[in-house]
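**Student:** One structure, as structure tokens, below. Some questions next.
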Amino acid sequence: METKDIRKKYSWLGFSYFIFVLMYEAASVALSLILSDYKDSLRENSWAVYALGLLPIWAIGFPICILFLTRIQSEKPEVHDIRPKYMAQFYFITVCFMFSTNIMGTIVISILQGITGLTIENSTIDLINKQELLPSILFAVIVGPICEELAFRKFIIDKVGQYNKRYAIYLSAIMFGLFHTNLHQFFYTTVIGIVFGYIYTISGKIRYSIILHMLVNLFSGIVPMAIMKHIDLSVLDSISSGNLNDPATLDKAMEIYSNPAFILLLVYFLVEIAFAIIGLVFFILNVKRMKVNDSQSPLPVKGAGKIVFVNVGVILFTILIIGLTIVEIIALQ
């Protein structure tokens, strides 16, 4: 297949996901207008919040995207099993990547806030933090990972992995990161998306990346937020801005520091740091073996970046997502 034909495949894929985002945004707006008289009561119901947030995406936008994607022939990666001990190693590596890129993302966001004067909130985490535990587990730990892995690993890699495995993984990861329309999440979701894409590419079984995604969302997302629900964060703010020599501030400090939930949260963060260090060790030991074979790929690695990312469809998708991200940041000011 000629290079120009491969570029068209990537462009159509990008355009399909552009339509995906456009359709679910339109459906979200329409649903919001239809239910405007009930929005206050719906916001108080966690099941309704999740359902109304996810239905336009996965029941409207994604099915339309799949119809567009049928124009590109699929080719599934070769099927191989991944042993449990290697899945455990991948989990530790993922935690390491999340930990390091979270730090990097926080620094970048702080710089952007200083330059623009805007406050860049983590709207997704704030939303989940306000919801009840059971629906959060169902939608954020089960439904979300299944849908996202199908959309951003299986469909993308099946469609374009046949042209170049490495760049299919990169494209799926970047599109996955952008899809969150959240700068706080962009950095770490992109990096862990590379891990998820690699796992699917070497195994050909989407269940492995789904399982890893579920574990990450549970232990790095839901668990700390569940603990923090039992901590008065406003007290922490007052302590950080107060004087510990002041008796009232000191009483607040003793109250928060003696809270079992606060102690549990500290233990959690220590465990996460330990997991990140273990993940770094595993990554260093295995990095030379963590490769995909593109020797027979019709799209050579050299110069592939321009073909994969510089095409009409992918550019349209990127511009739309960046625009939505900016709108969300401005709307939260």
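We name chains A, B, ... following the order of the structure tokens; residues begin at 1 in each chain, and ligands are numbered from 1 as shown.
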Contacts of Arg153 in chain A at 9 Å or less, counting only C-alpha atoms, minus same-chain residues fewer than 5 places along, as a PyMOL selection string?
**Tutor:** chain A and resi 148+158+168-169+172-173+176+193+196-197+200-201+206+209
**Student:** Please produce a file of those selected residues containing C-alpha atoms, as a CSV table (one decimal), in the first residue's frame.
**Tutor:**
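Done, and the output landed in selection39.csv:
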chain,number,residue,atom,x,y,z
A,148,GLU,CA,-12.5,3.5,26.8
A,158,ASP,CA,-7.1,-2.9,15.0
A,168,ALA,CA,-0.8,3.1,16.4
A,169,ILE,CA,0.1,2.8,20.1
A,172,SER,CA,-4.2,5.8,20.5
A,173,ALA,CA,-2.5,7.1,23.7
A,176,PHE,CA,-7.0,8.9,24.7
A,193,GLY,CA,-2.3,4.9,27.4
A,196,PHE,CA,-2.3,-0.1,27.7
A,197,GLY,CA,-1.7,0.1,23.9
A,200,TYR,CA,-3.1,-4.9,23.7
A,201,THR,CA,-0.6,-5.0,20.8
A,206,ILE,CA,-8.3,-6.4,25.1
A,209,SER,CA,-5.7,-3.6,29.2
**Student:** Would you kindly return, as JSON, numbers by chain, each protein, DNA or RNA residue with an atom no farther than 9 Å from any atom of Thr94 in chain A, considering only C-alpha atoms and excluding same-chain residues fewer than 6 positions away?
**Tutor:** {"A": [191, 192, 195, 196, 212, 216, 276, 279]}
**Student:** Pull the closest atom pair for each residue of range 167-281 of chain A that gets at most 10 Å from range 57-81 of chain A, along with the distance in Å to one decimal, counting only C-alpha atoms, ordering rows by chain and then ascending residue number, as CSV.
**Tutor:**
residue,atom,partner,partner_atom,distance
A:Tyr200,CA,A:Pro77,CA,7.8
A:Thr201,CA,A:Pro77,CA,5.7
A:Ile202,CA,A:His80,CA,6.9
A:Ser203,CA,A:His80,CA,4.5
A:Gly204,CA,A:Val79,CA,4.4
A:Lys205,CA,A:Val79,CA,6.5
A:Tyr208,CA,A:Asp81,CA,9.1
**Student:** Tell me, in Å to one decimal, how far CA of Pro145 in chain A is from CA of Leu55 in chain A.
**Tutor:** 14.7 Å
**Student:** Could you pull the residues within 10 Å of Ile330 in chain A, counting only C-alpha atoms, minus those fewer than 3 positions along the same chain, as a list in words?
**Tutor:**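 The neighbour list is Leu118, Thr119, Ile120, Leu324, Thr325, Ile326, Val327 and Gln333 of chain A.
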**Student:** Give the answer as one residue: which of A:Phe309, A:Phe92, A:Phe99, A:Phe187 has the shortest atom-to-atom distance to Lys9 in chain A, using only C-alpha atoms?
**Tutor:**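 When distances to Lys9 in chain A are compared using only C-alpha atoms, the smallest one comes from A:Phe309.
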**Student:** Give me, as a ChimeraX atom specification, the residues of range 74-176 of chain A that a backbone DSSP run labels alpha helix (DSSP H).
**Tutor:** /A:84-116,123-129,133-136,144-149,155-160,165-176
**Student:** Nearest to Leu54 in chain A: which of A:Met87, A:Cys147, A:Ile93, A:Ile115 is it, counting only C-alpha atoms?
**Tutor:**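 Closest to Leu54 in chain A of all the choices is A:Cys147.
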**Student:** Rounded to one decimal in Å, what is the spacing between CA of Thr124 in chain A and CA of Leu280 in chain A?
**Tutor:** 27.4 Å
**Student:** Report as a list in words all protein, DNA and RNA residues lying within 12 Å of range 263-267 of chain A, evaluated on only C-alpha atoms, omitting residues in the same chain fewer than 3 positions from it.
**Tutor:**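 Close residues of range 263-267 of chain A: Ser220, Val223, Pro224, Met225, Ala226, Ile227, Met228, Lys229, His230, Ile231, Glu255, Ile256, Tyr257, Ser258, Asn259, Pro260, Leu270, Val271, Glu272, Ile273 and Ala274 of chain A.
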**Student:** Which of these, A:Val281, A:Met23, A:Leu183, A:Leu31, has the shortest distance to Ile329 in chain A once you count only C-alpha atoms?
**Tutor:**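 Selected residue with least distance to Ile329 in chain A: A:Leu183.
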**Student:** Using only C-alpha atoms, can you tell me which of A:Leu332, A:Ile321, A:Ile194, A:Val160 comes closest to Arg7 in chain A?
**Tutor:** A:Val160
**Student:** Interatomic distance between CA of Leu299 in chain A and CA of Thr189 in chain A?
**Tutor:**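 Interatomic distance, CA of Leu299 in chain A to CA of Thr189 in chain A: 26.0 Å.
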**Student:** Nearest residue to Gln185 in chain A out of A:Ile107, A:Ala304, A:Val314, A:Met98, using only C-alpha atoms?
**Tutor:**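 Closest to Gln185 in chain A of all the choices is A:Met98.
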**Student:** Give me, as a PDB file with all heavy atoms, in the first residue's frame, all polymer residues having an atom no more than 12 Å from Leu218 in chain A, counting only C-alpha atoms and skipping those fewer than 3 positions away in the same chain.
**Tutor:**
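So around-v6.pdb came out as:
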ATOM      1  N   LEU A 133     -20.284   6.356  46.515  1.00  0.00           N
ATOM      2  CA  LEU A 133     -19.240   5.371  46.235  1.00  0.00           C
ATOM      3  C   LEU A 133     -19.688   4.289  45.250  1.00  0.00           C
ATOM      4  O   LEU A 133     -18.954   3.972  44.301  1.00  0.00           O
ATOM      5  CB  LEU A 133     -18.762   4.726  47.544  1.00  0.00           C
ATOM      6  CG  LEU A 133     -17.579   3.761  47.430  1.00  0.00           C
ATOM      7  CD1 LEU A 133     -16.365   4.461  46.842  1.00  0.00           C
ATOM      8  CD2 LEU A 133     -17.260   3.175  48.795  1.00  0.00           C
ATOM      9  N   LEU A 134     -20.866   3.702  45.448  1.00  0.00           N
ATOM     10  CA  LEU A 134     -21.299   2.582  44.611  1.00  0.00           C
ATOM     11  C   LEU A 134     -21.415   2.951  43.134  1.00  0.00           C
ATOM     12  O   LEU A 134     -20.846   2.255  42.276  1.00  0.00           O
ATOM     13  CB  LEU A 134     -22.618   2.008  45.135  1.00  0.00           C
ATOM     14  CG  LEU A 134     -23.143   0.763  44.400  1.00  0.00           C
ATOM     15  CD1 LEU A 134     -22.110  -0.360  44.440  1.00  0.00           C
ATOM     16  CD2 LEU A 134     -24.461   0.297  45.010  1.00  0.00           C
ATOM     17  N   SER A 136     -19.933   5.349  41.655  1.00  0.00           N
ATOM     18  CA  SER A 136     -18.577   5.687  41.207  1.00  0.00           C
ATOM     19  C   SER A 136     -17.815   4.427  40.828  1.00  0.00           C
ATOM     20  O   SER A 136     -17.096   4.400  39.817  1.00  0.00           O
ATOM     21  CB  SER A 136     -17.819   6.451  42.296  1.00  0.00           C
ATOM     22  OG  SER A 136     -18.400   7.712  42.527  1.00  0.00           O
ATOM     23  N   ILE A 137     -17.953   3.393  41.630  1.00  0.00           N
ATOM     24  CA  ILE A 137     -17.272   2.123  41.330  1.00  0.00           C
ATOM     25  C   ILE A 137     -17.819   1.519  40.037  1.00  0.00           C
ATOM     26  O   ILE A 137     -17.060   1.069  39.169  1.00  0.00           O
ATOM     27  CB  ILE A 137     -17.428   1.133  42.503  1.00  0.00           C
ATOM     28  CG1 ILE A 137     -16.631   1.630  43.718  1.00  0.00           C
ATOM     29  CG2 ILE A 137     -16.961  -0.266  42.104  1.00  0.00           C
ATOM     30  CD1 ILE A 137     -16.845   0.805  44.977  1.00  0.00           C
ATOM     31  N   LEU A 138     -19.145   1.514  39.903  1.00  0.00           N
ATOM     32  CA  LEU A 138     -19.756   0.924  38.708  1.00  0.00           C
ATOM     33  C   LEU A 138     -19.325   1.650  37.435  1.00  0.00           C
ATOM     34  O   LEU A 138     -18.880   1.015  36.465  1.00  0.00           O
ATOM     35  CB  LEU A 138     -21.286   0.949  38.827  1.00  0.00           C
ATOM     36  CG  LEU A 138     -22.037   0.450  37.580  1.00  0.00           C
ATOM     37  CD1 LEU A 138     -21.720  -1.013  37.303  1.00  0.00           C
ATOM     38  CD2 LEU A 138     -23.536   0.658  37.740  1.00  0.00           C
ATOM     39  N   PHE A 139     -19.435   2.973  37.443  1.00  0.00           N
ATOM     40  CA  PHE A 139     -19.201   3.724  36.214  1.00  0.00           C
ATOM     41  C   PHE A 139     -17.718   4.050  35.972  1.00  0.00           C
ATOM     42  O   PHE A 139     -17.257   4.008  34.831  1.00  0.00           O
ATOM     43  CB  PHE A 139     -20.027   5.017  36.223  1.00  0.00           C
ATOM     44  CG  PHE A 139     -21.499   4.792  36.058  1.00  0.00           C
ATOM     45  CD1 PHE A 139     -22.352   4.852  37.152  1.00  0.00           C
ATOM     46  CD2 PHE A 139     -22.035   4.486  34.821  1.00  0.00           C
ATOM     47  CE1 PHE A 139     -23.716   4.635  37.011  1.00  0.00           C
ATOM     48  CE2 PHE A 139     -23.397   4.267  34.665  1.00  0.00           C
ATOM     49  CZ  PHE A 139     -24.240   4.337  35.759  1.00  0.00           C
ATOM     50  N   ALA A 140     -16.976   4.390  37.035  1.00  0.00           N
ATOM     51  CA  ALA A 140     -15.576   4.787  36.860  1.00  0.00           C
ATOM     52  C   ALA A 140     -14.616   3.600  36.851  1.00  0.00           C
ATOM     53  O   ALA A 140     -13.541   3.674  36.261  1.00  0.00           O
ATOM     54  CB  ALA A 140     -15.168   5.767  37.958  1.00  0.00           C
ATOM     55  N   VAL A 141     -15.001   2.501  37.490  1.00  0.00           N
ATOM     56  CA  VAL A 141     -14.096   1.350  37.594  1.00  0.00           C
ATOM     57  C   VAL A 141     -14.482   0.227  36.642  1.00  0.00           C
ATOM     58  O   VAL A 141     -13.628  -0.553  36.231  1.00  0.00           O
ATOM     59  CB  VAL A 141     -14.054   0.824  39.055  1.00  0.00           C
ATOM     60  CG1 VAL A 141     -13.152  -0.393  39.179  1.00  0.00           C
ATOM     61  CG2 VAL A 141     -13.578   1.927  39.997  1.00  0.00           C
ATOM     62  N   ILE A 142     -15.754   0.128  36.268  1.00  0.00           N
ATOM     63  CA  ILE A 142     -16.184  -0.969  35.402  1.00  0.00           C
ATOM     64  C   ILE A 142     -16.588  -0.473  34.009  1.00  0.00           C
ATOM     65  O   ILE A 142     -15.970  -0.825  33.007  1.00  0.00           O
ATOM     66  CB  ILE A 142     -17.347  -1.752  36.056  1.00  0.00           C
ATOM     67  CG1 ILE A 142     -16.884  -2.353  37.394  1.00  0.00           C
ATOM     68  CG2 ILE A 142     -17.845  -2.857  35.112  1.00  0.00           C
ATOM     69  CD1 ILE A 142     -17.967  -3.029  38.198  1.00  0.00           C
ATOM     70  N   GLY A 144     -16.511   2.634  32.568  1.00  0.00           N
ATOM     71  CA  GLY A 144     -15.552   3.522  31.914  1.00  0.00           C
ATOM     72  C   GLY A 144     -14.381   2.790  31.278  1.00  0.00           C
ATOM     73  O   GLY A 144     -14.116   2.959  30.069  1.00  0.00           O
ATOM     74  N   PRO A 145     -13.634   1.969  32.034  1.00  0.00           N
ATOM     75  CA  PRO A 145     -12.503   1.250  31.442  1.00  0.00           C
ATOM     76  C   PRO A 145     -12.877   0.340  30.278  1.00  0.00           C
ATOM     77  O   PRO A 145     -12.142   0.270  29.291  1.00  0.00           O
ATOM     78  CB  PRO A 145     -11.963   0.435  32.629  1.00  0.00           C
ATOM     79  CG  PRO A 145     -12.303   1.253  33.825  1.00  0.00           C
ATOM     80  CD  PRO A 145     -13.651   1.838  33.509  1.00  0.00           C
ATOM     81  N   ILE A 211      -8.485  -4.889  32.374  1.00  0.00           N
ATOM     82  CA  ILE A 211      -8.213  -5.234  33.774  1.00  0.00           C
ATOM     83  C   ILE A 211      -7.250  -4.233  34.396  1.00  0.00           C
ATOM     84  O   ILE A 211      -7.477  -3.734  35.507  1.00  0.00           O
ATOM     85  CB  ILE A 211      -7.643  -6.661  33.876  1.00  0.00           C
ATOM     86  CG1 ILE A 211      -8.720  -7.688  33.535  1.00  0.00           C
ATOM     87  CG2 ILE A 211      -7.086  -6.930  35.278  1.00  0.00           C
ATOM     88  CD1 ILE A 211      -8.195  -9.103  33.344  1.00  0.00           C
ATOM     89  N   LEU A 212      -6.180  -3.908  33.677  1.00  0.00           N
ATOM     90  CA  LEU A 212      -5.197  -2.959  34.201  1.00  0.00           C
ATOM     91  C   LEU A 212      -5.818  -1.572  34.390  1.00  0.00           C
ATOM     92  O   LEU A 212      -5.582  -0.895  35.394  1.00  0.00           O
ATOM     93  CB  LEU A 212      -4.003  -2.875  33.251  1.00  0.00           C
ATOM     94  CG  LEU A 212      -2.769  -2.140  33.770  1.00  0.00           C
ATOM     95  CD1 LEU A 212      -2.248  -2.784  35.041  1.00  0.00           C
ATOM     96  CD2 LEU A 212      -1.683  -2.113  32.715  1.00  0.00           C
ATOM     97  N   HIS A 213      -6.640  -1.170  33.435  1.00  0.00           N
ATOM     98  CA  HIS A 213      -7.335   0.119  33.505  1.00  0.00           C
ATOM     99  C   HIS A 213      -8.258   0.157  34.719  1.00  0.00           C
ATOM    100  O   HIS A 213      -8.335   1.164  35.437  1.00  0.00           O
ATOM    101  CB  HIS A 213      -8.123   0.333  32.209  1.00  0.00           C
ATOM    102  CG  HIS A 213      -8.551   1.736  31.967  1.00  0.00           C
ATOM    103  ND1 HIS A 213      -8.782   2.250  30.706  1.00  0.00           N
ATOM    104  CD2 HIS A 213      -8.820   2.760  32.819  1.00  0.00           C
ATOM    105  CE1 HIS A 213      -9.164   3.502  30.804  1.00  0.00           C
ATOM    106  NE2 HIS A 213      -9.210   3.838  32.074  1.00  0.00           N
ATOM    107  N   MET A 214      -8.975  -0.932  34.957  1.00  0.00           N
ATOM    108  CA  MET A 214      -9.869  -1.006  36.116  1.00  0.00           C
ATOM    109  C   MET A 214      -9.091  -0.877  37.420  1.00  0.00           C
ATOM    110  O   MET A 214      -9.502  -0.156  38.343  1.00  0.00           O
ATOM    111  CB  MET A 214     -10.635  -2.334  36.104  1.00  0.00           C
ATOM    112  CG  MET A 214     -11.734  -2.427  35.070  1.00  0.00           C
ATOM    113  SD  MET A 214     -12.520  -4.077  35.114  1.00  0.00           S
ATOM    114  CE  MET A 214     -13.895  -3.810  33.994  1.00  0.00           C
ATOM    115  N   LEU A 215      -7.962  -1.573  37.516  1.00  0.00           N
ATOM    116  CA  LEU A 215      -7.148  -1.518  38.728  1.00  0.00           C
ATOM    117  C   LEU A 215      -6.622  -0.110  38.979  1.00  0.00           C
ATOM    118  O   LEU A 215      -6.612   0.379  40.113  1.00  0.00           O
ATOM    119  CB  LEU A 215      -5.973  -2.499  38.614  1.00  0.00           C
ATOM    120  CG  LEU A 215      -6.335  -3.988  38.650  1.00  0.00           C
ATOM    121  CD1 LEU A 215      -5.106  -4.841  38.368  1.00  0.00           C
ATOM    122  CD2 LEU A 215      -6.939  -4.369  40.000  1.00  0.00           C
ATOM    123  N   GLY A 221      -7.657   6.098  41.913  1.00  0.00           N
ATOM    124  CA  GLY A 221      -8.716   7.099  41.805  1.00  0.00           C
ATOM    125  C   GLY A 221      -9.762   7.000  42.893  1.00  0.00           C
ATOM    126  O   GLY A 221      -9.889   7.880  43.745  1.00  0.00           O
ATOM    127  N   ILE A 222     -10.503   5.905  42.899  1.00  0.00           N
ATOM    128  CA  ILE A 222     -11.626   5.765  43.815  1.00  0.00           C
ATOM    129  C   ILE A 222     -11.172   5.623  45.268  1.00  0.00           C
ATOM    130  O   ILE A 222     -11.753   6.254  46.168  1.00  0.00           O
ATOM    131  CB  ILE A 222     -12.499   4.555  43.413  1.00  0.00           C
ATOM    132  CG1 ILE A 222     -13.080   4.763  42.008  1.00  0.00           C
ATOM    133  CG2 ILE A 222     -13.627   4.363  44.423  1.00  0.00           C
ATOM    134  CD1 ILE A 222     -13.960   5.987  41.863  1.00  0.00           C
ATOM    135  N   VAL A 223     -10.161   4.805  45.522  1.00  0.00           N
ATOM    136  CA  VAL A 223      -9.725   4.558  46.907  1.00  0.00           C
ATOM    137  C   VAL A 223      -9.303   5.843  47.620  1.00  0.00           C
ATOM    138  O   VAL A 223      -9.814   6.138  48.718  1.00  0.00           O
ATOM    139  CB  VAL A 223      -8.604   3.498  46.963  1.00  0.00           C
ATOM    140  CG1 VAL A 223      -7.965   3.453  48.354  1.00  0.00           C
ATOM    141  CG2 VAL A 223      -9.163   2.122  46.606  1.00  0.00           C
ATOM    142  N   PRO A 224      -8.384   6.655  47.067  1.00  0.00           N
ATOM    143  CA  PRO A 224      -8.017   7.889  47.791  1.00  0.00           C
ATOM    144  C   PRO A 224      -9.174   8.865  47.945  1.00  0.00           C
ATOM    145  O   PRO A 224      -9.292   9.538  48.977  1.00  0.00           O
ATOM    146  CB  PRO A 224      -6.899   8.497  46.929  1.00  0.00           C
ATOM    147  CG  PRO A 224      -7.042   7.864  45.594  1.00  0.00           C
ATOM    148  CD  PRO A 224      -7.581   6.500  45.846  1.00  0.00           C
ATOM    149  N   MET A 225     -10.057   8.932  46.935  1.00  0.00           N
ATOM    150  CA  MET A 225     -11.202   9.835  47.047  1.00  0.00           C
ATOM    151  C   MET A 225     -12.187   9.353  48.105  1.00  0.00           C
ATOM    152  O   MET A 225     -12.792  10.161  48.806  1.00  0.00           O
ATOM    153  CB  MET A 225     -11.892   9.993  45.686  1.00  0.00           C
ATOM    154  CG  MET A 225     -11.121  10.897  44.733  1.00  0.00           C
ATOM    155  SD  MET A 225     -12.056  11.345  43.253  1.00  0.00           S
ATOM    156  CE  MET A 225     -11.923   9.840  42.320  1.00  0.00           C
ATOM    157  N   ALA A 226     -12.329   8.037  48.236  1.00  0.00           N
ATOM    158  CA  ALA A 226     -13.207   7.482  49.278  1.00  0.00           C
ATOM    159  C   ALA A 226     -12.662   7.815  50.666  1.00  0.00           C
ATOM    160  O   ALA A 226     -13.428   8.117  51.593  1.00  0.00           O
ATOM    161  CB  ALA A 226     -13.334   5.975  49.104  1.00  0.00           C
TER     162      ALA A 226
END
